[in-house]
Structures are given as structure tokens and as C-alpha cells.
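A.B. asks: Let me begin by handing over the structure; questions about it come next.
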Amino acid sequence: MSARTLLVRGMIVGAAAGVAAFLFAYLFGEGPINDAIAFEEAQAAGHEHGPFSRTVQSTLGLATASIVYGVALGGLFAIAVAVTLGRIGRISARATAGIVALAGFVGVALVPFLKYPANPPATGNADTLQQRTGLYFLMLVIGVAAVIGAIVVSRSLQPRLGTWNATIAGVLGAVVVVGAAIALLPAVNEVPDGFAPVLLWRFRLASLGTQAVTWATLGLLFGYLTERSERAAAVVRAQPVAA
């Protein structure tokens with residue numbers, strides 16, 4: 001299977017993942033965002049939504065951003081699957097896609113969320129935006145590095161410890177690294193007084209859930225299509241060649 005085929009498939013699956021993420025974010029995320037904007041408007045004299053109305057932002061804008069992000073992520077995901085195939089044991093392409101998706105969700109979404117979860121409108125200080133962005137991406141890099149390190153360590157220890165024990169050792173090492181980063185990096189708490197904790201929690205869960213839907217769609221759909229393609233190719237190869 002060519003890299004180009006996998007890349008195109010990844011981008012198509014990424015578009016589907018973007019649609020799924022948009023639907024989830026619209027159903028579960030827009031409510032907390034609207035409530036947060038209402039809180040912000042109540043605290044200030046007037047509020048500007050920018051050049052586009054909230055209706056456009058929450059529908060066409062959100063859908064466009066989700067699909068574009070999904071297509072880009074799907075291409076990177078396909079490359080990661082292509083690189084990983086055959087290097088983490090004798091498992092199928094479908095299982096490989098699932099493992100890569102799980103690793104991607106943990107490294108890219110879950111680990112940064114544990115230290116710097118997403119915040120709705122009215123909860124951030126514009127003066128610290130650059131600092132908060134830098135800290136978030138630093139935590140993202142640490143998360144991705146920890147996941148990759150866990151895979152490398154488990155693979156290197158597998159001949160001596162066996163698959164199960166080596167996997168535990170790799171995961172524990174990653175947990176130690178992530179835990180140290182969470183403990184040492186500075187905390188960011190810019191939630192204003194009076195902002196409902198339930199509203200904050202709902203928004204953060206919706207944000208993490210959107211990421212989970214994106215990665216789950218990538219892993220499941222890409223794995224399914226790749227396995228189906230492999231089966232079709234195997235059937236073609238098994239057919240006798242006409243004389």
C-alpha cells in the first residue's frame with residue numbers, strides 16, 4: 001500500500017472526523033460558550049463578537065475550522081500509522097491505527113488538558129495570552145514525547161520482560177515524566193470571581209470530548225478502511241491469472 005494512498009485516506013477520514021467533532025462540539029460545547037458570553041456581557045458594558053455573528057461562528061465557522069483541522073490531523077495521522085506499521089509487534093493495520101489514535105489522544109489532548117485545560121470566554125487575561133499559549137504547547141510537546149518514549153521503552157524491554165511487563169514499565173515512565181511536568185510548570189488560574197464552576201467544568205468536558213471524538217473517529221474509521229482495502233487486495237492476489 002503506497003504512502004500516497006494512506007495519506008489521501010487519512011485526509012478523507014480526517015474530514016469525517018472533523019464533521020463528527022463539529023456535531024459533538026455544537027451539541028455539547030455551544031451551550032457553555034453562550035452562557036460564558038452572557039456572563040462576560042453582564043460584567044462589562046457591551047461585548048463585541050467580532051466581524052461575524054455568534055450564529056455564523058457557532059455553525060459555519062465552527063464546522064469549517066473543525067473540518068480543516070480534521071483534514072490536517074488526518075494526514076499527519078496517516079503518516080504516523082504508516083511509520084508505525086510493523087514496528088510495534090505483529091498486529092493488524094486496524095489495531096495499529098487504534099493504538100496510534102489512542103496514543104495521539106493521550107499525548108496531544110489528555111496530557112495538556114491535565115495541566116492547562118481549555119477555558120471558555122470571560123476566563124482569560126489578554127495580557128497573559130502569549131505566556132499561556134507557550135505553556136500549553138510546552139505541555140503538548142511533553143505529552144507527545146512521553147507517549148513516544150513509553151512506546152520506545154516498552155519495545156526495548158519487551159525481549160527481557162515480556163510484552164505485558166514491558167508495557168507497564170513504559171507507561172509508568174511516561175506517568176512519572178508527565179507528573180513531574182504537572183508539578184513543576186506554573187499554574188494558570190484566571191477564572192474570575194462569580195464564574196460558575198459547573199459551567200467551567202461543562203465547557204472543559206465538552207472540549208476534551210470533542211478531542212476524544214476526533215481521535216476515535218480517526219482510529220476506528222481509518223483502521224476499518226485500511227483493513228477492508230487489504231482484504232480486497234488479498235482477494236485479487238489470490239485469484240488465478242488467466243492464461
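Just so we're on the same page: first chain in the C-alpha cells is A, next is B, and so on; residues restart at 1 for each chain, and ligands are numbered from 1 in the order they show up.
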With DSSP run on the backbone, what are the helix (DSSP H, G or I) residues within region 51-149 of chain A? I'd like them as a PyMOL selection string.

C.D. replies: chain A and resi 54-84+93-115+126-149

A.B. asks: Fewer than 2 positions away in the same chain doesn't count, so skip those; otherwise give me all residues within 12 Å of region 122-139 of chain A, counting only C-alpha atoms, as a PyMOL selection string.

C.D. replies: chain A and resi 32-44+47+106-120+141-146+177-197+199-200+203

A.B. asks: Kindly save the residues from that selection, with C-alpha atoms included, as a short mmCIF file (atom, residue, chain, number, x, y, z; two decimals), in the first residue's frame.

C.D. replies:
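That gives us out24.cif:
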data_model
loop_
_atom_site.label_atom_id
_atom_site.label_comp_id
_atom_site.auth_asym_id
_atom_site.auth_seq_id
_atom_site.Cartn_x
_atom_site.Cartn_y
_atom_site.Cartn_z
CA PRO A 32 -21.48 26.54 27.87
CA ILE A 33 -19.94 29.04 25.45
CA ASN A 34 -23.18 31.02 25.19
CA ASP A 35 -23.54 31.01 28.98
CA ALA A 36 -19.94 32.20 29.35
CA ILE A 37 -20.53 35.01 26.86
CA ALA A 38 -23.66 36.00 28.77
CA PHE A 39 -21.56 36.17 31.95
CA GLU A 40 -18.96 38.29 30.17
CA GLU A 41 -21.58 40.68 28.84
CA ALA A 42 -23.05 41.03 32.31
CA GLN A 43 -19.61 42.01 33.68
CA ALA A 44 -18.80 44.58 31.00
CA HIS A 47 -19.41 42.86 24.09
CA VAL A 106 -3.28 10.91 25.25
CA GLY A 107 -0.24 12.90 24.09
CA VAL A 108 -1.94 15.69 22.16
CA ALA A 109 -5.20 16.15 24.10
CA LEU A 110 -5.29 14.46 27.51
CA VAL A 111 -1.84 15.35 28.89
CA PRO A 112 -2.11 19.11 28.11
CA PHE A 113 -5.66 19.05 29.47
CA LEU A 114 -4.47 17.74 32.83
CA LYS A 115 -2.35 20.87 33.41
CA TYR A 116 -3.86 23.53 31.17
CA PRO A 117 -7.48 22.66 30.36
CA ALA A 118 -9.43 24.73 27.87
CA ASN A 119 -11.23 27.79 29.23
CA PRO A 120 -14.43 29.38 27.91
CA VAL A 141 5.40 18.61 23.47
CA ILE A 142 5.99 16.89 26.81
CA GLY A 143 2.87 14.77 26.32
CA VAL A 144 3.86 13.65 22.82
CA ALA A 145 7.44 12.96 23.93
CA ALA A 146 6.19 10.95 26.92
CA VAL A 177 7.56 12.38 33.34
CA VAL A 178 4.08 13.87 32.93
CA GLY A 179 3.57 14.05 36.68
CA ALA A 180 6.84 15.90 37.14
CA ALA A 181 5.87 18.38 34.42
CA ILE A 182 2.47 18.98 36.02
CA ALA A 183 4.11 19.58 39.39
CA LEU A 184 6.90 21.87 38.14
CA LEU A 185 5.25 24.01 35.48
CA PRO A 186 3.48 27.16 36.72
CA ALA A 187 -0.25 27.03 37.27
CA VAL A 188 -2.64 29.31 35.38
CA ASN A 189 -5.88 30.30 37.10
CA GLU A 190 -7.62 33.29 35.55
CA VAL A 191 -11.23 32.34 36.22
CA PRO A 192 -12.99 35.46 37.50
CA ASP A 193 -14.92 35.57 40.75
CA GLY A 194 -18.53 34.59 40.34
CA PHE A 195 -17.98 32.35 37.34
CA ALA A 196 -19.95 29.15 37.91
CA PRO A 197 -17.69 26.12 38.48
CA LEU A 199 -20.23 25.97 33.71
CA LEU A 200 -16.42 25.81 33.62
CA PHE A 203 -17.06 23.53 28.88
#

A.B. asks: Which neighbours of Gly170 (chain A) fall inside 8 Å, counting only C-alpha atoms, when residues of the same chain fewer than 5 positions from it are skipped, and could you give them as a list of chain:residue names?

C.D. replies: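 Near Gly170 (chain A), the qualifying residues are A:Gly149, A:Ala150, A:Ile151, A:Val152, A:Val153, A:Ser154.
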
A.B. asks: If we count only C-alpha atoms and set the cut-off at 12 Å, which residues sit around Ile88 (chain A), ignoring sequence neighbours fewer than 3 positions away in its own chain? Please answer as a ChimeraX atom specification.

C.D. replies: /A:81-85,91-93,95-97,99-100,148,150-156,158,163,167

A.B. asks: For the selection you just gave me, I'd like the residues written to a file as a CSV table (one decimal), in the first residue's frame, keeping N, CA and C atoms.

C.D. replies:
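Ended up saving to part.csv:
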chain,number,residue,atom,x,y,z
A,81,VAL,N,0.6,6.3,11.2
A,81,VAL,CA,0.3,4.9,11.1
A,81,VAL,C,1.2,4.2,10.1
A,82,ALA,N,1.6,4.8,9.0
A,82,ALA,CA,2.5,4.2,8.0
A,82,ALA,C,3.9,4.0,8.7
A,83,VAL,N,4.3,4.9,9.5
A,83,VAL,CA,5.6,4.7,10.2
A,83,VAL,C,5.5,3.6,11.2
A,84,THR,N,4.4,3.5,11.9
A,84,THR,CA,4.3,2.6,13.0
A,84,THR,C,4.0,1.1,12.5
A,85,LEU,N,3.4,1.0,11.4
A,85,LEU,CA,3.0,-0.4,10.9
A,85,LEU,C,4.2,-1.3,10.9
A,91,ILE,N,0.8,-7.0,14.7
A,91,ILE,CA,-0.6,-6.7,14.8
A,91,ILE,C,-1.1,-6.1,13.5
A,92,SER,N,-2.4,-6.2,13.3
A,92,SER,CA,-3.0,-5.8,12.1
A,92,SER,C,-3.0,-4.2,11.9
A,93,ALA,N,-3.2,-3.8,10.7
A,93,ALA,CA,-3.2,-2.4,10.4
A,93,ALA,C,-4.4,-1.7,11.2
A,95,ALA,N,-5.6,-2.6,14.2
A,95,ALA,CA,-5.1,-2.5,15.6
A,95,ALA,C,-4.1,-1.4,15.7
A,96,THR,N,-3.2,-1.3,14.7
A,96,THR,CA,-2.1,-0.2,14.7
A,96,THR,C,-2.8,1.1,14.7
A,97,ALA,N,-3.8,1.3,13.8
A,97,ALA,CA,-4.5,2.6,13.8
A,97,ALA,C,-5.1,2.9,15.1
A,99,ILE,N,-4.2,1.9,18.1
A,99,ILE,CA,-3.1,2.3,19.1
A,99,ILE,C,-2.6,3.7,18.8
A,100,VAL,N,-2.3,4.0,17.5
A,100,VAL,CA,-1.8,5.3,17.2
A,100,VAL,C,-2.9,6.4,17.6
A,148,ILE,N,5.7,8.8,23.0
A,148,ILE,CA,6.7,8.2,22.2
A,148,ILE,C,7.8,7.4,23.0
A,150,ALA,N,7.3,6.1,26.0
A,150,ALA,CA,6.7,4.9,26.5
A,150,ALA,C,6.7,3.8,25.5
A,151,ILE,N,6.5,4.1,24.3
A,151,ILE,CA,6.5,3.1,23.2
A,151,ILE,C,7.9,2.6,23.0
A,152,VAL,N,8.9,3.5,22.9
A,152,VAL,CA,10.2,3.1,22.7
A,152,VAL,C,10.8,2.2,23.8
A,153,VAL,N,10.5,2.6,25.1
A,153,VAL,CA,11.0,1.9,26.2
A,153,VAL,C,10.3,0.5,26.3
A,154,SER,N,9.0,0.4,26.1
A,154,SER,CA,8.3,-0.9,26.1
A,154,SER,C,8.8,-1.8,25.0
A,155,ARG,N,9.1,-1.3,23.9
A,155,ARG,CA,9.7,-2.1,22.8
A,155,ARG,C,11.1,-2.6,23.1
A,156,SER,N,11.9,-1.8,23.7
A,156,SER,CA,13.3,-2.2,24.1
A,156,SER,C,13.3,-3.2,25.2
A,158,GLN,N,10.8,-5.3,25.9
A,158,GLN,CA,10.0,-6.5,25.6
A,158,GLN,C,10.7,-7.8,25.6
A,163,THR,N,5.8,-8.8,26.9
A,163,THR,CA,5.0,-7.7,26.4
A,163,THR,C,4.3,-6.9,27.5
A,167,THR,N,5.2,-3.1,28.7
A,167,THR,CA,4.2,-2.1,28.5
A,167,THR,C,4.0,-1.3,29.8

A.B. asks: If you measure from CA of Leu6 (chain A) to CA of Arg94 (chain A), what distance in Å do you get, rounded to one decimal?

C.D. replies: 12.8 Å

A.B. asks: Record the distance separating CA of Val198 (chain A) and CA of Leu102 (chain A), expressed in Å with one decimal.

C.D. replies: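 Taking CA of Val198 (chain A) as the start and CA of Leu102 (chain A) as the end point, the length is 27.8 Å.
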